[in-house]
>>> print(open('upload32.cif').read())   # mmCIF, C-alpha atoms
data_protein
loop_
_atom_site.label_atom_id
_atom_site.label_comp_id
_atom_site.auth_asym_id
_atom_site.auth_seq_id
_atom_site.Cartn_x
_atom_site.Cartn_y
_atom_site.Cartn_z
CA MET Z 1 41.60 -66.73 1.99
CA MET Z 2 41.64 -69.44 -0.67
CA SER Z 3 40.20 -69.00 -4.15
CA VAL Z 4 39.98 -71.83 -6.66
CA THR Z 5 39.77 -71.05 -10.36
CA CYS Z 6 39.17 -73.29 -13.33
CA GLN Z 7 42.79 -73.16 -14.47
CA ASN Z 8 44.79 -72.92 -11.28
CA VAL Z 9 44.58 -73.00 -7.54
CA ASP Z 10 45.53 -69.75 -5.89
CA PHE Z 11 46.55 -69.58 -2.23
CA GLY Z 12 47.49 -65.98 -1.72
CA ARG Z 13 50.76 -65.68 -3.64
CA THR Z 14 51.17 -69.43 -4.36
CA VAL Z 15 49.61 -70.58 -7.63
CA LEU Z 16 49.38 -74.22 -8.68
CA ASP Z 17 48.92 -74.54 -12.43
CA LEU Z 18 46.59 -77.43 -13.21
CA ALA Z 19 47.30 -77.48 -16.91
CA ALA Z 20 51.01 -76.76 -17.17
CA GLY Z 21 52.05 -77.77 -20.64
CA GLY Z 22 48.96 -79.93 -20.99
CA GLY Z 23 50.93 -82.86 -19.59
CA CYS Z 24 50.37 -85.24 -16.71
CA SER Z 25 53.32 -84.28 -14.57
CA SER Z 26 54.28 -81.31 -12.49
CA SER Z 27 56.83 -80.51 -9.83
CA VAL Z 28 55.93 -77.66 -7.51
CA SER Z 29 57.28 -77.45 -3.99
CA PHE Z 30 54.43 -76.89 -1.54
CA GLY Z 31 54.29 -77.34 2.19
CA GLY Z 32 51.24 -78.92 3.79
CA GLN Z 33 48.60 -81.36 2.66
CA PHE Z 34 46.67 -80.70 -0.50
CA SER Z 35 44.87 -82.82 -3.08
CA ILE Z 36 43.37 -81.91 -6.44
CA TRP Z 37 41.29 -84.14 -8.67
CA HIS Z 38 40.98 -82.66 -12.13
CA GLN Z 39 39.22 -84.27 -15.10
CA SER Z 40 40.24 -83.31 -18.61
CA LYS Z 41 39.31 -85.16 -21.81
CA GLY Z 42 38.62 -88.41 -20.00
CA PHE Z 43 41.68 -88.25 -17.72
CA ILE Z 44 41.55 -87.77 -14.00
CA LYS Z 45 44.63 -86.12 -12.57
CA ARG Z 46 45.43 -86.27 -8.88
CA GLU Z 47 47.89 -83.74 -7.58
CA SER Z 48 49.08 -84.49 -4.07
CA SER Z 49 51.29 -82.77 -1.58
CA ASN Z 50 52.97 -86.09 -0.74
CA ARG Z 51 56.62 -85.41 -1.41
CA GLY Z 52 58.85 -87.33 -3.81
CA VAL Z 53 62.55 -87.99 -3.36
CA ASN Z 54 63.40 -84.42 -4.34
CA GLY Z 55 60.84 -82.94 -1.91
CA SER Z 56 58.49 -81.86 -4.70
CA ARG Z 57 54.79 -82.55 -5.17
CA LYS Z 58 53.83 -85.73 -7.03
CA VAL Z 59 51.20 -85.85 -9.76
CA VAL Z 60 49.43 -89.07 -10.70
CA CYS Z 61 47.24 -89.53 -13.81
CA CYS Z 62 44.74 -92.29 -14.38
CA ARG Z 63 42.14 -93.08 -17.02
CA LYS Z 64 38.47 -93.16 -16.18
CA GLU Z 65 35.48 -93.46 -18.52
CA VAL Z 66 33.17 -91.13 -16.60
CA GLY Z 67 34.94 -88.15 -15.07
CA ARG Z 68 34.58 -86.57 -11.69
CA CYS Z 69 35.97 -83.19 -10.86
CA GLN Z 70 36.59 -82.38 -7.23
CA VAL Z 71 38.83 -79.84 -5.59
CA PHE Z 72 39.26 -80.02 -1.86
CA SER Z 73 41.82 -79.21 0.77
CA THR Z 74 42.67 -81.24 3.83
CA GLN Z 75 43.34 -77.94 5.59
CA THR Z 76 41.64 -74.57 5.73
CA PRO Z 77 43.26 -71.71 3.75
CA GLU Z 78 44.66 -70.27 7.00
CA ALA Z 79 46.24 -73.60 7.85
CA LEU Z 80 47.84 -73.82 4.42
CA LEU Z 81 49.47 -70.45 4.99
CA ASN Z 82 50.22 -70.72 8.71
CA GLY Z 83 50.89 -74.43 9.16
CA VAL Z 84 47.96 -74.99 11.56
CA VAL Z 85 45.87 -78.13 11.06
CA PRO Z 86 42.34 -77.53 12.45
CA GLY Z 87 40.57 -80.69 11.28
CA PRO Z 88 39.26 -82.75 8.36
CA PRO Z 89 37.94 -81.32 5.07
CA PRO Z 90 34.23 -80.65 4.59
CA VAL Z 91 32.30 -83.87 4.03
CA LEU Z 92 28.76 -84.23 2.73
CA ASP Z 93 26.86 -87.25 4.03
CA VAL Z 94 25.17 -88.36 0.83
CA LYS Z 95 22.68 -91.19 1.21
CA ARG Z 96 21.82 -93.41 -1.73
CA GLU Z 97 18.48 -94.81 -2.73
CA ALA Z 98 17.82 -98.46 -3.56
CA GLY Z 99 19.80 -99.20 -6.71
CA GLY Z 100 22.75 -97.04 -5.64
CA GLN Z 101 21.53 -93.64 -6.85
CA VAL Z 102 22.33 -90.45 -4.97
CA SER Z 103 19.39 -89.34 -2.83
CA LEU Z 104 18.28 -85.80 -3.65
CA PRO Z 105 16.93 -85.10 -0.12
CA SER Z 106 20.35 -85.97 1.32
CA LEU Z 107 22.00 -83.48 -1.04
CA PHE Z 108 19.56 -80.83 0.16
CA GLU Z 109 20.17 -81.67 3.84
CA VAL Z 110 22.62 -78.77 4.23
CA VAL Z 111 19.86 -76.32 3.22
CA ALA Z 112 16.91 -78.26 4.66
CA GLU Z 113 15.90 -75.46 7.05
CA ASP Z 114 16.03 -72.93 4.22
CA LEU Z 115 13.73 -75.11 2.12
CA GLN Z 116 11.30 -75.61 5.02
CA THR Z 117 11.04 -71.85 5.44
CA LEU Z 118 10.47 -71.48 1.70
CA ASN Z 119 7.66 -74.06 1.72
CA ARG Z 120 5.91 -72.18 4.53
CA ASN Z 121 6.20 -68.88 2.68
CA LEU Z 122 5.13 -69.92 -0.82
CA LEU Z 123 1.38 -70.06 -0.24
CA SER Z 124 1.34 -66.84 1.76
CA ILE Z 125 3.23 -65.11 -1.07
CA VAL Z 126 0.56 -66.17 -3.58
CA GLY Z 127 -2.00 -64.44 -1.40
CA ALA Z 128 -5.44 -65.43 -0.13
CA GLU Z 129 -7.54 -62.91 -2.04
CA ASN Z 130 -8.92 -65.50 -4.45
CA PRO Z 131 -9.85 -68.99 -3.17
CA VAL Z 132 -9.65 -70.51 -6.67
CA LEU Z 133 -6.10 -69.22 -7.18
CA MET Z 134 -5.15 -70.44 -3.71
CA SER Z 135 -6.55 -73.87 -4.50
CA ALA Z 136 -4.67 -73.96 -7.81
CA ALA Z 137 -1.46 -72.92 -6.06
CA GLU Z 138 -1.90 -75.61 -3.41
CA GLN Z 139 -2.38 -78.16 -6.18
CA ILE Z 140 0.85 -77.30 -7.99
CA PHE Z 141 3.00 -76.52 -4.92
CA GLY Z 142 1.86 -79.70 -3.24
CA ALA Z 143 2.36 -81.96 -6.27
CA GLY Z 144 5.64 -83.45 -5.11
CA GLY Z 145 8.06 -81.00 -6.71
CA LYS Z 146 11.72 -81.46 -5.89
CA ARG Z 147 12.33 -77.74 -5.18
CA MET Z 148 15.55 -78.10 -7.15
CA ARG Z 149 15.70 -74.47 -8.28
CA PRO Z 150 15.30 -72.85 -4.85
CA ALA Z 151 17.71 -75.45 -3.45
CA LEU Z 152 20.25 -74.29 -6.03
CA VAL Z 153 19.67 -70.70 -4.95
CA PHE Z 154 20.30 -71.61 -1.30
CA LEU Z 155 23.36 -73.76 -2.05
CA VAL Z 156 25.02 -71.15 -4.26
CA SER Z 157 24.03 -68.40 -1.80
CA ARG Z 158 25.71 -70.18 1.09
CA ALA Z 159 28.74 -71.30 -0.94
CA THR Z 160 29.40 -67.76 -2.18
CA ALA Z 161 28.49 -66.08 1.13
CA GLU Z 162 31.44 -67.90 2.70
CA ILE Z 163 33.80 -66.15 0.28
CA VAL Z 164 32.88 -62.70 1.59
CA GLY Z 165 32.41 -63.76 5.21
CA LEU Z 166 28.59 -63.63 5.34
CA LYS Z 167 27.45 -65.79 8.26
CA GLU Z 168 23.76 -65.90 7.31
CA LEU Z 169 21.67 -65.54 4.17
CA THR Z 170 20.15 -62.15 3.45
CA THR Z 171 16.45 -61.44 3.00
CA GLU Z 172 17.22 -60.96 -0.71
CA HIS Z 173 18.65 -64.48 -0.99
CA ARG Z 174 15.51 -65.97 0.50
CA ARG Z 175 13.14 -63.84 -1.54
CA LEU Z 176 15.01 -64.76 -4.73
CA ALA Z 177 14.48 -68.48 -4.03
CA GLU Z 178 10.74 -67.87 -3.55
CA ILE Z 179 10.49 -65.80 -6.74
CA ILE Z 180 12.32 -68.48 -8.74
CA GLU Z 181 9.98 -71.22 -7.55
CA MET Z 182 6.92 -69.08 -8.32
CA ILE Z 183 8.16 -68.38 -11.85
CA HIS Z 184 8.93 -72.06 -12.39
CA THR Z 185 5.48 -73.05 -11.13
CA ALA Z 186 3.75 -70.48 -13.35
CA SER Z 187 5.65 -71.83 -16.36
CA LEU Z 188 4.53 -75.39 -15.54
CA ILE Z 189 0.88 -74.34 -15.36
CA HIS Z 190 1.13 -72.65 -18.77
CA ASP Z 191 3.15 -75.55 -20.24
CA ASP Z 192 0.43 -78.00 -19.26
CA VAL Z 193 -2.18 -75.83 -20.99
CA LEU Z 194 -0.12 -75.53 -24.18
CA ASP Z 195 0.69 -79.26 -24.21
CA ASP Z 196 -2.84 -80.25 -23.12
CA SER Z 197 -1.26 -82.42 -20.41
CA ASP Z 198 -3.61 -84.18 -18.00
CA MET Z 199 -0.95 -85.24 -15.47
CA ARG Z 200 1.95 -83.48 -13.75
CA ARG Z 201 4.13 -85.28 -11.18
CA GLY Z 202 1.53 -88.03 -10.99
CA LYS Z 203 -1.38 -85.67 -10.23
CA GLU Z 204 -4.04 -83.99 -12.33
CA THR Z 205 -2.93 -80.68 -13.78
CA VAL Z 206 -4.48 -77.35 -12.81
CA HIS Z 207 -6.23 -76.93 -16.16
CA GLN Z 208 -7.61 -80.46 -15.93
CA LEU Z 209 -9.13 -79.70 -12.52
CA TYR Z 210 -10.24 -76.09 -12.96
CA GLY Z 211 -10.37 -75.56 -16.71
CA THR Z 212 -8.10 -73.74 -19.16
CA ARG Z 213 -9.36 -70.27 -18.26
CA VAL Z 214 -8.49 -70.59 -14.55
CA ALA Z 215 -5.15 -72.26 -15.34
CA VAL Z 216 -4.07 -69.46 -17.68
CA LEU Z 217 -5.13 -66.81 -15.17
CA ALA Z 218 -3.41 -68.67 -12.31
CA GLY Z 219 -0.17 -68.78 -14.28
CA ASP Z 220 -0.50 -65.11 -15.23
CA PHE Z 221 -1.19 -64.16 -11.61
CA MET Z 222 1.90 -66.00 -10.37
CA PHE Z 223 4.10 -64.39 -13.03
CA ALA Z 224 2.72 -60.97 -12.03
CA GLN Z 225 3.10 -61.61 -8.30
CA SER Z 226 6.68 -62.84 -8.73
CA SER Z 227 7.45 -59.74 -10.83
CA TRP Z 228 6.11 -57.49 -8.06
CA TYR Z 229 8.33 -59.17 -5.48
CA LEU Z 230 11.24 -59.02 -7.93
CA ALA Z 231 10.83 -55.25 -8.34
CA ASN Z 232 10.85 -54.88 -4.55
CA LEU Z 233 14.31 -56.42 -4.39
CA GLU Z 234 15.50 -53.09 -5.86
CA ASN Z 235 18.51 -54.64 -7.58
CA LEU Z 236 18.51 -53.63 -11.24
CA GLU Z 237 20.96 -56.33 -12.33
CA VAL Z 238 18.85 -59.11 -10.82
CA ILE Z 239 15.61 -57.56 -12.10
CA LYS Z 240 17.00 -57.56 -15.67
CA LEU Z 241 18.32 -61.10 -15.23
CA ILE Z 242 15.02 -62.60 -14.07
CA SER Z 243 12.90 -60.52 -16.46
CA GLN Z 244 14.90 -61.98 -19.33
CA VAL Z 245 13.95 -65.47 -18.11
CA ILE Z 246 10.23 -64.73 -18.51
CA LYS Z 247 10.91 -63.48 -22.03
CA ASP Z 248 12.95 -66.64 -22.72
CA PHE Z 249 10.04 -68.87 -21.68
CA ALA Z 250 7.88 -67.30 -24.39
CA SER Z 251 10.69 -67.48 -26.96
CA GLY Z 252 11.19 -71.18 -26.19
CA GLU Z 253 7.52 -71.99 -26.61
CA ILE Z 254 7.39 -70.10 -29.92
CA LYS Z 255 10.50 -71.91 -31.17
CA GLN Z 256 9.03 -75.26 -30.20
CA ALA Z 257 5.64 -74.56 -31.77
CA SER Z 258 7.23 -73.44 -35.04
CA SER Z 259 9.37 -76.57 -35.43
CA LEU Z 260 6.95 -79.40 -34.65
CA PHE Z 261 7.53 -82.51 -36.81
CA ASP Z 262 10.44 -80.68 -38.51
CA CYS Z 263 13.03 -83.38 -39.17
CA ASP Z 264 15.56 -80.78 -40.36
CA VAL Z 265 15.86 -79.22 -36.91
CA GLU Z 266 19.52 -79.07 -35.89
CA LEU Z 267 21.10 -79.85 -32.54
CA GLU Z 268 22.08 -76.21 -32.01
CA GLU Z 269 18.44 -75.12 -32.42
CA TYR Z 270 17.41 -77.77 -29.89
CA LEU Z 271 19.99 -76.49 -27.40
CA ILE Z 272 18.83 -72.88 -27.85
CA LYS Z 273 15.23 -73.91 -27.25
CA SER Z 274 16.32 -75.98 -24.21
CA TYR Z 275 18.16 -72.97 -22.85
CA TYR Z 276 15.08 -70.77 -23.24
CA LYS Z 277 12.71 -73.30 -21.65
CA THR Z 278 14.89 -74.78 -18.90
CA ALA Z 279 18.46 -73.57 -18.51
CA SER Z 280 17.74 -69.82 -18.54
CA LEU Z 281 15.88 -69.94 -15.22
CA ILE Z 282 18.49 -72.18 -13.56
CA ALA Z 283 21.35 -69.96 -14.78
CA ALA Z 284 19.56 -66.84 -13.52
CA SER Z 285 18.92 -68.56 -10.18
CA THR Z 286 22.56 -69.37 -9.56
CA LYS Z 287 23.90 -66.03 -10.81
CA GLY Z 288 21.30 -64.07 -8.85
CA ALA Z 289 22.30 -65.91 -5.68
CA ALA Z 290 25.95 -64.96 -6.25
CA ILE Z 291 25.04 -61.32 -6.94
CA PHE Z 292 23.24 -61.06 -3.59
CA SER Z 293 26.33 -62.51 -1.88
CA MET Z 294 28.23 -59.54 -3.36
CA VAL Z 295 31.07 -61.65 -4.75
CA ASP Z 296 33.08 -60.40 -7.73
CA LYS Z 297 31.77 -60.48 -11.29
CA PHE Z 298 33.99 -63.41 -12.30
CA ILE Z 299 32.39 -65.70 -9.72
CA CYS Z 300 28.90 -64.42 -10.62
CA GLN Z 301 29.54 -65.31 -14.26
CA GLU Z 302 30.95 -68.73 -13.36
CA MET Z 303 27.78 -69.42 -11.37
CA TYR Z 304 25.73 -68.40 -14.40
CA GLU Z 305 27.68 -70.83 -16.59
CA PHE Z 306 27.30 -73.56 -13.96
CA GLY Z 307 23.53 -73.08 -13.98
CA ARG Z 308 23.34 -72.91 -17.77
CA ASN Z 309 25.25 -76.15 -18.29
CA LEU Z 310 23.44 -77.95 -15.48
CA GLY Z 311 20.12 -76.80 -16.97
CA LEU Z 312 21.03 -78.08 -20.43
CA SER Z 313 22.23 -81.39 -19.01
CA PHE Z 314 19.02 -81.66 -17.00
CA GLN Z 315 16.86 -81.06 -20.08
CA VAL Z 316 18.74 -83.64 -22.17
CA VAL Z 317 18.33 -86.21 -19.39
CA ASP Z 318 14.59 -85.43 -19.18
CA ASP Z 319 14.33 -85.95 -22.93
CA ILE Z 320 16.11 -89.31 -22.67
CA LEU Z 321 13.78 -90.43 -19.88
CA ASP Z 322 10.81 -89.69 -22.15
CA PHE Z 323 11.99 -92.74 -24.13
CA THR Z 324 13.28 -94.99 -21.36
CA GLN Z 325 10.78 -94.66 -18.50
CA SER Z 326 7.16 -95.67 -18.08
CA ALA Z 327 4.22 -93.31 -17.68
CA GLU Z 328 4.10 -94.22 -13.97
CA GLN Z 329 7.76 -93.25 -13.51
CA LEU Z 330 7.45 -90.05 -15.53
CA GLY Z 331 4.16 -88.89 -14.06
CA LYS Z 332 3.00 -88.24 -17.65
CA PRO Z 333 2.58 -90.38 -20.80
CA ALA Z 334 5.83 -91.88 -22.11
CA GLY Z 335 6.95 -90.67 -25.54
CA SER Z 336 4.66 -87.65 -25.25
CA ASP Z 337 7.15 -85.16 -26.76
CA LEU Z 338 7.67 -87.24 -29.88
CA ALA Z 339 3.93 -87.88 -30.21
CA LYS Z 340 3.36 -84.11 -30.32
CA GLY Z 341 6.13 -83.55 -32.85
CA ASN Z 342 8.62 -82.05 -30.40
CA LEU Z 343 11.92 -83.51 -31.62
CA THR Z 344 14.47 -83.77 -28.82
CA ALA Z 345 18.16 -84.78 -28.71
CA PRO Z 346 17.66 -88.58 -28.97
CA VAL Z 347 15.45 -88.11 -32.06
CA ILE Z 348 17.78 -85.56 -33.70
CA PHE Z 349 20.72 -87.95 -33.32
CA ALA Z 350 18.73 -90.97 -34.56
CA LEU Z 351 17.52 -89.05 -37.64
CA GLU Z 352 21.14 -88.82 -38.79
CA THR Z 353 21.32 -92.60 -39.28
CA ASP Z 354 17.86 -93.88 -40.28
CA PRO Z 355 15.79 -92.30 -43.10
CA LYS Z 356 12.76 -94.43 -42.18
CA LEU Z 357 12.42 -92.52 -38.94
CA ARG Z 358 12.05 -89.31 -40.94
CA GLU Z 359 9.21 -90.82 -42.97
CA ILE Z 360 7.31 -91.90 -39.86
CA ILE Z 361 7.69 -88.53 -38.12
CA GLU Z 362 6.74 -86.50 -41.19
CA SER Z 363 3.57 -88.61 -41.51
CA GLU Z 364 2.72 -87.33 -37.99
CA PHE Z 365 2.12 -90.92 -36.85
CA CYS Z 366 -1.01 -91.31 -38.93
CA GLU Z 367 -0.76 -95.11 -38.97
CA ALA Z 368 -1.54 -97.32 -36.00
CA GLY Z 369 1.62 -98.40 -34.18
CA SER Z 370 3.83 -95.87 -35.95
CA LEU Z 371 4.70 -94.00 -32.74
CA ASP Z 372 5.91 -97.21 -31.09
CA GLU Z 373 7.95 -98.01 -34.21
CA ALA Z 374 9.54 -94.55 -34.11
CA ILE Z 375 10.45 -94.97 -30.44
CA SER Z 376 12.07 -98.34 -31.22
CA LEU Z 377 14.07 -96.79 -34.07
CA VAL Z 378 15.36 -94.01 -31.81
CA LYS Z 379 16.61 -96.63 -29.36
CA ARG Z 380 18.13 -98.90 -32.05
CA CYS Z 381 19.87 -96.08 -33.93
CA GLY Z 382 21.97 -94.96 -30.98
CA GLY Z 383 19.99 -91.81 -30.29
CA ILE Z 384 19.81 -92.52 -26.55
CA GLU Z 385 23.56 -93.20 -26.23
CA ARG Z 386 24.57 -90.04 -28.09
CA ALA Z 387 22.14 -87.95 -26.07
CA ARG Z 388 23.63 -89.45 -22.91
CA ASP Z 389 27.08 -88.33 -24.10
CA LEU Z 390 25.71 -84.82 -24.66
CA ALA Z 391 24.25 -84.71 -21.14
CA SER Z 392 27.61 -85.86 -19.72
CA GLU Z 393 29.46 -83.21 -21.71
CA LYS Z 394 27.29 -80.43 -20.28
CA ALA Z 395 27.60 -81.92 -16.80
CA ASP Z 396 31.41 -81.86 -17.04
CA LEU Z 397 31.27 -78.18 -17.99
CA ALA Z 398 29.01 -77.48 -15.02
CA ILE Z 399 31.43 -79.20 -12.62
CA GLN Z 400 34.34 -77.17 -14.00
CA LYS Z 401 32.53 -73.92 -13.23
CA LEU Z 402 32.33 -74.83 -9.54
CA GLN Z 403 36.10 -74.77 -9.17
CA CYS Z 404 35.99 -71.05 -8.34
CA LEU Z 405 34.20 -71.86 -5.06
CA PRO Z 406 36.09 -72.70 -1.86
CA PRO Z 407 35.67 -76.21 -0.43
CA SER Z 408 32.47 -76.59 1.58
CA SER Z 409 29.54 -78.94 2.09
CA PHE Z 410 27.49 -76.57 -0.10
CA ARG Z 411 29.87 -76.93 -3.03
CA LEU Z 412 29.92 -80.71 -2.57
CA ALA Z 413 26.11 -80.69 -2.70
CA LEU Z 414 26.21 -78.68 -5.96
CA GLU Z 415 28.60 -81.24 -7.45
CA GLY Z 416 26.30 -83.98 -6.15
CA MET Z 417 23.33 -82.44 -7.94
CA VAL Z 418 25.20 -82.68 -11.24
CA ARG Z 419 25.95 -86.36 -10.58
CA PHE Z 420 22.38 -87.02 -9.41
CA ASN Z 421 21.07 -85.71 -12.71
CA LEU Z 422 23.27 -88.07 -14.74
CA GLU Z 423 22.46 -91.02 -12.49
CA ARG Z 424 18.81 -90.67 -13.46
CA ILE Z 425 19.74 -92.36 -16.77
CA ASP Z 426 22.23 -94.93 -15.43
#
>>> encode(input="upload32.cif", output="structure tokens")
Amino acid sequence: MMSVTCQNVDFGRTVLDLAAGGGCSSSVSFGGQFSIWHQSKGFIKRESSNRGVNGSRKVVCCRKEVGRCQVFSTQTPEALLNGVVPGPPPVLDVKREAGGQVSLPSLFEVVAEDLQTLNRNLLSIVGAENPVLMSAAEQIFGAGGKRMRPALVFLVSRATAEIVGLKELTTEHRRLAEIIEMIHTASLIHDDVLDDSDMRRGKETVHQLYGTRVAVLAGDFMFAQSSWYLANLENLEVIKLISQVIKDFASGEIKQASSLFDCDVELEEYLIKSYYKTASLIAASTKGAAIFSMVDKFICQEMYEFGRNLGLSFQVVDDILDFTQSAEQLGKPAGSDLAKGNLTAPVIFALETDPKLREIIESEFCEAGSLDEAISLVKRCGGIERARDLASEKADLAIQKLQCLPPSSFRLALEGMVRFNLERID
């Protein structure tokens, strides 16, 4: 069995140190074919089993502005140990949209059947007791959501299941994905009420269609229903993990409400709030999936850190798009966070260089055209570029945490999701 850690590659008793001496060269005798791509501080290091004149493994370093981190074997672990070559490494057929971006549906192809089953189950889980709640659920579930969170559950579930020899997902894996999507949907319904948003994913929000009272009750019902299903999983560790997420949602909203138009908000406070509102659920999703695969605690924690860093990167990218995309592209008004006084990463960075921006924000955009002026200042002061660097930094950390997983199409899809997120701002 092969295990891949963040610092070395372990094949039974043979360990390849990826950071020996911090240098760009290494000489370790190793039979068979093996390649490692490792990104560290802007360098990409390729370690290959192609032998040099002394029969040792060669290491090649090259510089690249945007890093990629992939670990794959051209043989299965058994072949590496026994000298048997069964076939090529796992390959994910990733299609690209017009403009060269990674297509999200193609990344989800390896769990497409899992997602189809989830879609069929979601409405039945909500229940048919109340037609208004059913109608509200149909509105939000059918509003073109990407199903990113349940897809992450399925991908991590299948990637970690392979480690322990599970051939099929358990009922708990599937129920977890449904619970996660219900909690996410409930949080969106409540977010739209708090933000008084009229549009979500290009469609009218639940509170716009049915009123605030029904929207609040619909969100409450879905939180309660997901909690009931969570309790029935009868896994105390996962129950605590997901329960903390619901608490984090409230903490994030309180933090945001108490810091509106506050130009002294620091980046660390922004990241904490982003964790509460976005990354906490993603981290719990990926860790919960690993727990139900019954892998060891180290891998469970690495999956948590993967989800946390992906979630933070995702939130930073969303906050950049609020400045760079149109209302039609966003499915909501552009610049809406800044207009409401919610200062995100691009604004926090821009405030460090232009005092005029502070004046405009603290005036709460009382003058005509002041919001547009503030948006222009954020772009001119380098706020977008520095936020992009922050998103890339978190993405690199997420990729590193996947190195504990064996090579598979599921792991490649997880890496692809990290790249897809960054490509949204390319």
>>> residues_near_point(input="upload32.cif", point="(1.5, -61.8, -8.0)", cutoff="12 Å", atoms="only C-alpha atoms", output="PyMOL selection string")
chain Z and resi 122-130+133-134+137+178-179+182-183+186+217-231
>>> closest_residue(input="upload32.cif", among="Z:Ile254, Z:Val295, Z:Val110, Z:Ala177", to="Z:Asp191", atoms="only C-alpha atoms")
Z:Ile254
>>> closest_residue(input="upload32.cif", among="Z:Cys263, Z:His190, Z:Gly382, Z:Ser313", to="Z:Glu359", atoms="only C-alpha atoms")
Z:Cys263
>>> residues_near_point(input="upload32.cif", point="(-2.4, -73.3, -13.5)", cutoff="6 Å", atoms="all atoms listed in the file", output="PyMOL selection string")
chain Z and resi 189+206-207+215-216+218-219
>>> resolve_selection(input="upload32.cif", expression="the PyMOL selection byres ((chain Z and resi 418) around 12)", output="PyMOL selection string")
chain Z and resi 67-69+102+104+107+148+152+306-314+317+391-402+411-417+419-424
>>> resolve_selection(input="upload32.cif", expression="the PyMOL selection byres ((chain Z and resi 252) around 10)", output="ChimeraX atom specification")
/Z:247-251,253-258,270,272-278
>>> write_last_selection(input="upload32.cif", atoms="C-alpha atoms", output="compact mmCIF listing (two decimals), in the coordinates of the input")
# COMPACT_ATOMS: atom_id res chain seq x y z
CA LYS Z 247 10.91 -63.48 -22.03
CA ASP Z 248 12.95 -66.64 -22.72
CA PHE Z 249 10.04 -68.87 -21.68
CA ALA Z 250 7.88 -67.30 -24.39
CA SER Z 251 10.69 -67.48 -26.96
CA GLU Z 253 7.52 -71.99 -26.61
CA ILE Z 254 7.39 -70.10 -29.92
CA LYS Z 255 10.50 -71.91 -31.17
CA GLN Z 256 9.03 -75.26 -30.20
CA ALA Z 257 5.64 -74.56 -31.77
CA SER Z 258 7.23 -73.44 -35.04
CA TYR Z 270 17.41 -77.77 -29.89
CA ILE Z 272 18.83 -72.88 -27.85
CA LYS Z 273 15.23 -73.91 -27.25
CA SER Z 274 16.32 -75.98 -24.21
CA TYR Z 275 18.16 -72.97 -22.85
CA TYR Z 276 15.08 -70.77 -23.24
CA LYS Z 277 12.71 -73.30 -21.65
CA THR Z 278 14.89 -74.78 -18.90
>>> resolve_selection(input="upload32.cif", expression="the PyMOL selection byres ((chain Z and resi 176) around 9)", output="VMD selection string")
chain Z and resid 150 153 171 to 175 177 to 181 229 to 230 233 285 288 to 289
>>> closest_residue(input="upload32.cif", among="Z:Ala350, Z:Leu377, Z:Val111, Z:Leu241", to="Z:Val156", atoms="only C-alpha atoms")
Z:Val111
>>> closest_residue(input="upload32.cif", among="Z:Glu113, Z:Glu362, Z:Glu138, Z:Asp192", to="Z:Leu260", atoms="all atoms listed in the file")
Z:Glu362
>>> atom_distance(input="upload32.cif", atom1="atom CA of Z:Ala284", atom2="atom CA of Z:Tyr304")
6.4 Å
>>> atom_distance(input="upload32.cif", atom1="atom CA of Z:Phe298", atom2="atom CA of Z:Phe108")
25.8 Å
